[in-house]
Amino acid sequence: MLDTYRSVFRQPGTTAFCVAGFVMRLPIAMYPIGLVLIVSARDGHYAFGGVLSGIYVIANGVGNPTLARFSDRLGQRRVLVPMSLVHAVAAVLLALFFSLDLPDWTLVAPTAIAGFSYLSVGSLVRARWSYVLAGRPELGTAYSLESTLDEVIFVLGPIIATVIAVQVKPVLVLYLAVALVLAGAVRLSLLRGSEPPPHEAGAERPRSAVRERGMPLLTVFSGAMGMIFASAEVTIVAFCGQHGQRGVSGAVLASLAFGSAVAGFAYGARAWHLPLLDRFRLQALVFGLLPLLFLAAVNVGLLAACAFVVGMGIAPTLITAFGLVEQFVPGGSLTEGLAWVITGLSVGYGAGAALVGGIADAHGARTAFTVTIGAGLLMAGLGLVLHARLRAVAEPGYVADGVEAGRPNR
């Protein structure tokens with residue numbers, strides 16, 4: 001199994017950009033919880049912290065495809081450092097405003113700017129993998145690796161943010177996050193050998209990735225996935241609290257991410273003989289039905305077990321979704337296409353969190369899990385529709401490893 005993953009690092013430069021990308025995107029999981037912890041430490045309430053976190057996530061979702069399109073057009077190097085500096089200035093201003101105890105309304109603008117200007121690092125790194133491993137079967141393994149690292153981020157990020165906020169000083173979470181973003185951005189910008197070539201000057205500009213066949217529907221599909229994540233996470237916290245074990249909610253959430261990491265790692269180590277599009281349909285159906293397991297949770301222990309199993313559906317579904325983008329979106333718009341999937345996840349996450357909280361408060365966590373189940377069924381249905389839509393344009397050279405034999409769009 002490990003040999004499969006070693007194969008993706010045999011290409012020169014891959015380890016360097018993978019590590020740089022991991023460092024730069026670790027704050028993805030630190031900012032939202034960090035904002036809630038900082039606000040709650042300041043006034044003892046969580047409401048505005050949740051609002052501020054939502055503003056950040058939504059602004060990031062809006063900025064991702066916009067900045068990714070510039071990355072495709074100009075090259076990653078010309079976007080990475082300038083936009084990361086904008087992000088750093090906004091985040092540092094936000095930290096200073098917190099330290100000066102300025103009114104809540106003054107925090108909105110720097111939060112939105114920080115979210116908008118934080119590049120979609122996962123898209124940048126996946127675009128590099130696609131460029132370096134173009135036409136090779138190892139690309140599917142590389143995508144699996146990135147999805148596994150995403151889950152590692154969501155295990156480590158909240159823990160780091162919580163320890164710093166509780167044991168040291170809450171606002172330091174923002175300063176550490178800024179340092180990680182800048183360090184990763186500078187390092188990634190220096191790695192030119194793995195950078196996908198920018199759009200050639202004077203050549204016809206590729207149309208936006210969202211106009212490619214299936215991309216709008218795939219973005220909505222990822223939005224339903226985001227609703228699953230948010231509603232499950234919020235409801236898990238509420239469930240633990242309503243059972244008098246709020247202190248273990250972080251461990252239960254970690255089991256969700258751990259299940260995804262295990263499945264993603266195993267998925268990438270296997271040679272698949274089922275075509276990518278058919279695997280996508282299968283993963284969408286499996287992951288869409290898995291949230292039904294939450295109804296079996298009658299105590300926190302069973303909830304953790306259910307969360308682990310449900311989590312096992314996350315990474316394989318994301319891996320195949322990103323694989324579809326790589327297959328059906330032209331190379332000149334690839335980073336943007338990958339970013340649209342992440343935007344869908346972000347918007348769906350915000351919508352799911354907003355919807356499920358009130359239900360959990362009014363009717364209990366068990367009832368709130370119906371939102372997760374409903375989002376899963378919606379995602380499964382969208383997966384079937386998307387499969388049928390893309391099946392009509394799948395190429396004859398379409399092969400099992402997720403990398404088609406020919407790409408006329410490239």
# chains A, B, ... in the order shown; residues from 1 in each chain; ligands from 1

call {"tool": "residues_around", "arguments": {"residues": "Phe116 in chain A", "least_positions_apart": "4", "cutoff": "8 Å", "atoms": "only C-alpha atoms", "output": "list of chain:residue names"}}
result
A:Tyr56, A:Ala59, A:Asn60, A:Gly61, A:Val62, A:Gly63, A:Asn64, A:His87, A:Ala112

call {"tool": "residues_around", "arguments": {"residues": "Gly226 in chain A", "least_positions_apart": "3", "cutoff": "8 Å", "atoms": "only C-alpha atoms", "output": "MDAnalysis selection string"}}
result
chainID A and resid 222:223 229:230 344:350 352

call {"tool": "residues_around", "arguments": {"residues": "Ala315 in chain A", "least_positions_apart": "6", "cutoff": "7 Å", "atoms": "only C-alpha atoms", "output": "ChimeraX atom specification"}}
result
/A:147-148,260-261,263-264

call {"tool": "residues_around", "arguments": {"residues": "Leu293 in chain A", "least_positions_apart": "5", "cutoff": "10 Å", "atoms": "only C-alpha atoms", "output": "list in words"}}
result
Leu302, Leu303, Ala305, Cys306, Ala307, Val309, Val310, Phe369 and Ile373 of chain A

call {"tool": "select_by_dssp", "arguments": {"residues": "range 205-359 of chain A", "states": "alpha helix (DSSP H)", "output": "ChimeraX atom specification"}}
result
/A:215-242,249-269,276-289,300-311,314-328,334-359

call {"tool": "closest_residue", "arguments": {"among": "A:Arg126, A:Arg42, A:Arg78, A:Arg281", "to": "Thr335 in chain A", "atoms": "only C-alpha atoms"}}
result
A:Arg126

call {"tool": "residues_around", "arguments": {"residues": "Val178 in chain A", "least_positions_apart": "6", "cutoff": "12 Å", "atoms": "only C-alpha atoms", "output": "PyMOL selection string"}}
result
chain A and resi 23-28+30-31+84-95+114-115+118+171-172+184-185

call {"tool": "atom_distance", "arguments": {"atom1": "CA of His273 in chain A", "atom2": "CA of Pro316 in chain A"}}
result
15.0 Å

call {"tool": "closest_residue", "arguments": {"among": "A:Gly337, A:Gly157, A:Arg391, A:His363", "to": "Asp72 in chain A", "atoms": "only C-alpha atoms"}}
result
A:Gly337

call {"tool": "atom_distance", "arguments": {"atom1": "CA of Glu151 in chain A", "atom2": "CA of Ala257 in chain A"}}
result
5.3 Å

call {"tool": "closest_residue", "arguments": {"among": "A:Pro170, A:Ala365, A:Ala224, A:Leu276", "to": "Gly241 in chain A", "atoms": "only C-alpha atoms"}}
result
A:Ala365

call {"tool": "closest_residue", "arguments": {"among": "A:Val181, A:Thr162, A:Val125, A:Glu212", "to": "Pro330 in chain A", "atoms": "only C-alpha atoms"}}
result
A:Glu212

call {"tool": "decode", "arguments": {"residues": "range 172-188 of chain A", "atoms": "all heavy atoms", "output": "PDB file, in the first residue's frame"}}
result
ATOM      1  N   LEU A 172      -3.881  34.901  19.461  1.00  0.00           N
ATOM      2  CA  LEU A 172      -2.665  34.346  18.867  1.00  0.00           C
ATOM      3  C   LEU A 172      -2.979  33.316  17.786  1.00  0.00           C
ATOM      4  O   LEU A 172      -2.119  33.012  16.955  1.00  0.00           O
ATOM      5  CB  LEU A 172      -1.784  33.719  19.945  1.00  0.00           C
ATOM      6  CG  LEU A 172      -1.119  34.691  20.940  1.00  0.00           C
ATOM      7  CD1 LEU A 172      -0.269  33.923  21.935  1.00  0.00           C
ATOM      8  CD2 LEU A 172      -0.281  35.721  20.204  1.00  0.00           C
ATOM      9  N   VAL A 173      -4.184  32.779  17.796  1.00  0.00           N
ATOM     10  CA  VAL A 173      -4.594  31.844  16.745  1.00  0.00           C
ATOM     11  C   VAL A 173      -4.482  32.525  15.384  1.00  0.00           C
ATOM     12  O   VAL A 173      -3.996  31.934  14.408  1.00  0.00           O
ATOM     13  CB  VAL A 173      -6.035  31.344  16.976  1.00  0.00           C
ATOM     14  CG1 VAL A 173      -6.505  30.497  15.799  1.00  0.00           C
ATOM     15  CG2 VAL A 173      -6.121  30.547  18.265  1.00  0.00           C
ATOM     16  N   LEU A 174      -4.916  33.788  15.313  1.00  0.00           N
ATOM     17  CA  LEU A 174      -4.868  34.519  14.050  1.00  0.00           C
ATOM     18  C   LEU A 174      -3.430  34.767  13.603  1.00  0.00           C
ATOM     19  O   LEU A 174      -3.104  34.627  12.417  1.00  0.00           O
ATOM     20  CB  LEU A 174      -5.612  35.852  14.183  1.00  0.00           C
ATOM     21  CG  LEU A 174      -7.115  35.759  14.448  1.00  0.00           C
ATOM     22  CD1 LEU A 174      -7.725  37.149  14.576  1.00  0.00           C
ATOM     23  CD2 LEU A 174      -7.816  34.980  13.339  1.00  0.00           C
ATOM     24  N   TYR A 175      -2.559  35.135  14.535  1.00  0.00           N
ATOM     25  CA  TYR A 175      -1.169  35.402  14.174  1.00  0.00           C
ATOM     26  C   TYR A 175      -0.461  34.139  13.678  1.00  0.00           C
ATOM     27  O   TYR A 175       0.310  34.183  12.710  1.00  0.00           O
ATOM     28  CB  TYR A 175      -0.420  35.998  15.371  1.00  0.00           C
ATOM     29  CG  TYR A 175      -0.836  37.411  15.700  1.00  0.00           C
ATOM     30  CD1 TYR A 175      -1.484  37.709  16.901  1.00  0.00           C
ATOM     31  CD2 TYR A 175      -0.590  38.451  14.815  1.00  0.00           C
ATOM     32  CE1 TYR A 175      -1.871  39.009  17.203  1.00  0.00           C
ATOM     33  CE2 TYR A 175      -0.973  39.760  15.109  1.00  0.00           C
ATOM     34  CZ  TYR A 175      -1.608  40.028  16.310  1.00  0.00           C
ATOM     35  OH  TYR A 175      -1.992  41.319  16.596  1.00  0.00           O
ATOM     36  N   LEU A 176      -0.714  33.010  14.324  1.00  0.00           N
ATOM     37  CA  LEU A 176      -0.113  31.757  13.875  1.00  0.00           C
ATOM     38  C   LEU A 176      -0.626  31.381  12.495  1.00  0.00           C
ATOM     39  O   LEU A 176       0.146  30.954  11.619  1.00  0.00           O
ATOM     40  CB  LEU A 176      -0.416  30.631  14.868  1.00  0.00           C
ATOM     41  CG  LEU A 176       0.070  29.236  14.456  1.00  0.00           C
ATOM     42  CD1 LEU A 176       1.584  29.218  14.255  1.00  0.00           C
ATOM     43  CD2 LEU A 176      -0.347  28.183  15.476  1.00  0.00           C
ATOM     44  N   ALA A 177      -1.917  31.552  12.277  1.00  0.00           N
ATOM     45  CA  ALA A 177      -2.501  31.227  10.976  1.00  0.00           C
ATOM     46  C   ALA A 177      -1.881  32.077   9.871  1.00  0.00           C
ATOM     47  O   ALA A 177      -1.555  31.572   8.787  1.00  0.00           O
ATOM     48  CB  ALA A 177      -4.013  31.426  11.016  1.00  0.00           C
ATOM     49  N   VAL A 178      -1.695  33.354  10.128  1.00  0.00           N
ATOM     50  CA  VAL A 178      -1.079  34.247   9.139  1.00  0.00           C
ATOM     51  C   VAL A 178       0.338  33.792   8.821  1.00  0.00           C
ATOM     52  O   VAL A 178       0.757  33.764   7.654  1.00  0.00           O
ATOM     53  CB  VAL A 178      -1.078  35.699   9.663  1.00  0.00           C
ATOM     54  CG1 VAL A 178      -0.147  36.575   8.817  1.00  0.00           C
ATOM     55  CG2 VAL A 178      -2.487  36.272   9.637  1.00  0.00           C
ATOM     56  N   ALA A 179       1.106  33.435   9.847  1.00  0.00           N
ATOM     57  CA  ALA A 179       2.483  32.981   9.634  1.00  0.00           C
ATOM     58  C   ALA A 179       2.519  31.728   8.757  1.00  0.00           C
ATOM     59  O   ALA A 179       3.370  31.604   7.858  1.00  0.00           O
ATOM     60  CB  ALA A 179       3.156  32.711  10.981  1.00  0.00           C
ATOM     61  N   LEU A 180       1.596  30.798   8.983  1.00  0.00           N
ATOM     62  CA  LEU A 180       1.549  29.569   8.192  1.00  0.00           C
ATOM     63  C   LEU A 180       1.169  29.862   6.741  1.00  0.00           C
ATOM     64  O   LEU A 180       1.753  29.285   5.805  1.00  0.00           O
ATOM     65  CB  LEU A 180       0.551  28.585   8.809  1.00  0.00           C
ATOM     66  CG  LEU A 180       0.949  27.989  10.163  1.00  0.00           C
ATOM     67  CD1 LEU A 180      -0.224  27.210  10.757  1.00  0.00           C
ATOM     68  CD2 LEU A 180       2.165  27.078  10.019  1.00  0.00           C
ATOM     69  N   VAL A 181       0.202  30.743   6.537  1.00  0.00           N
ATOM     70  CA  VAL A 181      -0.216  31.089   5.181  1.00  0.00           C
ATOM     71  C   VAL A 181       0.934  31.716   4.409  1.00  0.00           C
ATOM     72  O   VAL A 181       1.226  31.342   3.261  1.00  0.00           O
ATOM     73  CB  VAL A 181      -1.430  32.047   5.209  1.00  0.00           C
ATOM     74  CG1 VAL A 181      -1.700  32.612   3.811  1.00  0.00           C
ATOM     75  CG2 VAL A 181      -2.672  31.332   5.720  1.00  0.00           C
ATOM     76  N   LEU A 182       1.616  32.684   5.021  1.00  0.00           N
ATOM     77  CA  LEU A 182       2.720  33.356   4.332  1.00  0.00           C
ATOM     78  C   LEU A 182       3.874  32.405   4.051  1.00  0.00           C
ATOM     79  O   LEU A 182       4.466  32.428   2.961  1.00  0.00           O
ATOM     80  CB  LEU A 182       3.200  34.543   5.166  1.00  0.00           C
ATOM     81  CG  LEU A 182       2.256  35.745   5.236  1.00  0.00           C
ATOM     82  CD1 LEU A 182       2.845  36.830   6.118  1.00  0.00           C
ATOM     83  CD2 LEU A 182       1.989  36.303   3.830  1.00  0.00           C
ATOM     84  N   ALA A 183       4.218  31.566   5.025  1.00  0.00           N
ATOM     85  CA  ALA A 183       5.324  30.620   4.830  1.00  0.00           C
ATOM     86  C   ALA A 183       5.016  29.664   3.682  1.00  0.00           C
ATOM     87  O   ALA A 183       5.864  29.416   2.809  1.00  0.00           O
ATOM     88  CB  ALA A 183       5.582  29.846   6.120  1.00  0.00           C
ATOM     89  N   GLY A 184       3.799  29.119   3.661  1.00  0.00           N
ATOM     90  CA  GLY A 184       3.421  28.195   2.596  1.00  0.00           C
ATOM     91  C   GLY A 184       3.353  28.872   1.240  1.00  0.00           C
ATOM     92  O   GLY A 184       3.785  28.311   0.226  1.00  0.00           O
ATOM     93  N   ALA A 185       2.832  30.114   1.202  1.00  0.00           N
ATOM     94  CA  ALA A 185       2.689  30.840  -0.059  1.00  0.00           C
ATOM     95  C   ALA A 185       4.046  31.171  -0.668  1.00  0.00           C
ATOM     96  O   ALA A 185       4.260  31.004  -1.881  1.00  0.00           O
ATOM     97  CB  ALA A 185       1.889  32.122   0.161  1.00  0.00           C
ATOM     98  N   VAL A 186       4.972  31.655   0.155  1.00  0.00           N
ATOM     99  CA  VAL A 186       6.307  31.991  -0.346  1.00  0.00           C
ATOM    100  C   VAL A 186       7.012  30.745  -0.884  1.00  0.00           C
ATOM    101  O   VAL A 186       7.589  30.754  -1.974  1.00  0.00           O
ATOM    102  CB  VAL A 186       7.154  32.660   0.760  1.00  0.00           C
ATOM    103  CG1 VAL A 186       8.607  32.800   0.314  1.00  0.00           C
ATOM    104  CG2 VAL A 186       6.575  34.030   1.115  1.00  0.00           C
ATOM    105  N   ARG A 187       6.948  29.671  -0.123  1.00  0.00           N
ATOM    106  CA  ARG A 187       7.604  28.430  -0.551  1.00  0.00           C
ATOM    107  C   ARG A 187       6.986  27.897  -1.841  1.00  0.00           C
ATOM    108  O   ARG A 187       7.692  27.504  -2.766  1.00  0.00           O
ATOM    109  CB  ARG A 187       7.500  27.380   0.559  1.00  0.00           C
ATOM    110  CG  ARG A 187       8.105  26.026   0.218  1.00  0.00           C
ATOM    111  CD  ARG A 187       9.559  26.135  -0.148  1.00  0.00           C
ATOM    112  NE  ARG A 187      10.156  24.825  -0.403  1.00  0.00           N
ATOM    113  CZ  ARG A 187      11.193  24.634  -1.201  1.00  0.00           C
ATOM    114  NH1 ARG A 187      11.751  25.661  -1.840  1.00  0.00           N
ATOM    115  NH2 ARG A 187      11.692  23.421  -1.374  1.00  0.00           N
ATOM    116  N   LEU A 188       5.663  27.906  -1.918  1.00  0.00           N
ATOM    117  CA  LEU A 188       4.986  27.392  -3.101  1.00  0.00           C
ATOM    118  C   LEU A 188       5.306  28.243  -4.331  1.00  0.00           C
ATOM    119  O   LEU A 188       5.469  27.722  -5.437  1.00  0.00           O
ATOM    120  CB  LEU A 188       3.476  27.368  -2.852  1.00  0.00           C
ATOM    121  CG  LEU A 188       2.618  26.375  -3.647  1.00  0.00           C
ATOM    122  CD1 LEU A 188       3.120  24.954  -3.472  1.00  0.00           C
ATOM    123  CD2 LEU A 188       1.167  26.485  -3.207  1.00  0.00           C
TER     124      LEU A 188
END
